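Novice: Mind looking over this structure? Questions follow.
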Amino acid sequence: MSNNKKHTLDPNKWIELYADYLFNYAVTRVDGSDLAKDLVQETFFSGIKGKENFRGQASERTWLISILKRKIIDHYRKINSAKGKKEVRVSFYPDGDRKGSWIEECVPQTWENEAEKTIENEELKDTLDKCIENLPEKYRMVFLLKTVQNYETEEICNALDISASNLWVIIHRARVQLRKCIEENWFKN
Amino acid sequence: MISCDEATTICDKNQYGEASTWDKFRLNLHLLLCKHCKSYSKQNHIITKMFGNYLNTCDGSKHLTLDEKKELEKNLNEKIN
């Protein structure tokens, strides 16, 4: 049974209903609460300006979140172009030879107690934070946008002005590095 | 036969559901023969799971103060008018 009820917008209630929710969403995805606040404000502005574009199929909150998501990736587009297009070259293999194969020192080790170790807790999050911090900036940005914030490949490529194959090379290098870092900091303890 | 670099890259793509059928075929062939990449593949799934919950473990209790909301409201009203 389909729900034909169309959603409506009520901007007067937005701050009361959604400001905290949007703020929470933003603050986990960008650096700093001032920036998050600005993005929330701009989202509300855009929402009011674009009221006519609301088709009523999504809920108010979903619609506002989609505006916020665009603002967030737009923010990344700006900081990315500010940093310039310098490509960080990190080899899959440190010394550059033996193309494509594992180097003995870097092969995956056995991860003991895999099931028990994969639990949601503060310690794991700290390890993940640390490993992400160790990534080169561009890798970190692309990895987070794709893996954690779940943007589409196309959205990220358009925002950061990279090709899809670029993106996958970056994701690959990020994950290789993260795997090693997680292995050293989480599973070897 | 694809290299380990290519195989692990396909493996990564697969974590996001974006590996083609042909990619997956070549990957699986490689995994049959390469124990290192087989480990990588297993561990890759675990990593994906770890990051699946990543944002949820962030503090979900942040909120704006009353003053901040008042300021937001003021700015919003100025913008509308």
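Scheme for the structure tokens: letters A, B, ... for chains in order shown; per-chain residue numbers from 1; ligand numbers from 1 in order shown.
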Kindly provide, as a PyMOL selection string, the residues of chain B having any atom no farther than 6 Å from an atom of chain A, counting only C-alpha atoms.
Specialist: chain B and resi 3-5+9+62-64
Novice: As an exercise, work out the distance from atom CA of A:Ile156 to atom CA of B:Thr48 in Å and give it to one decimal place.
Specialist: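 Between these atoms lies a distance of 19.0 Å.
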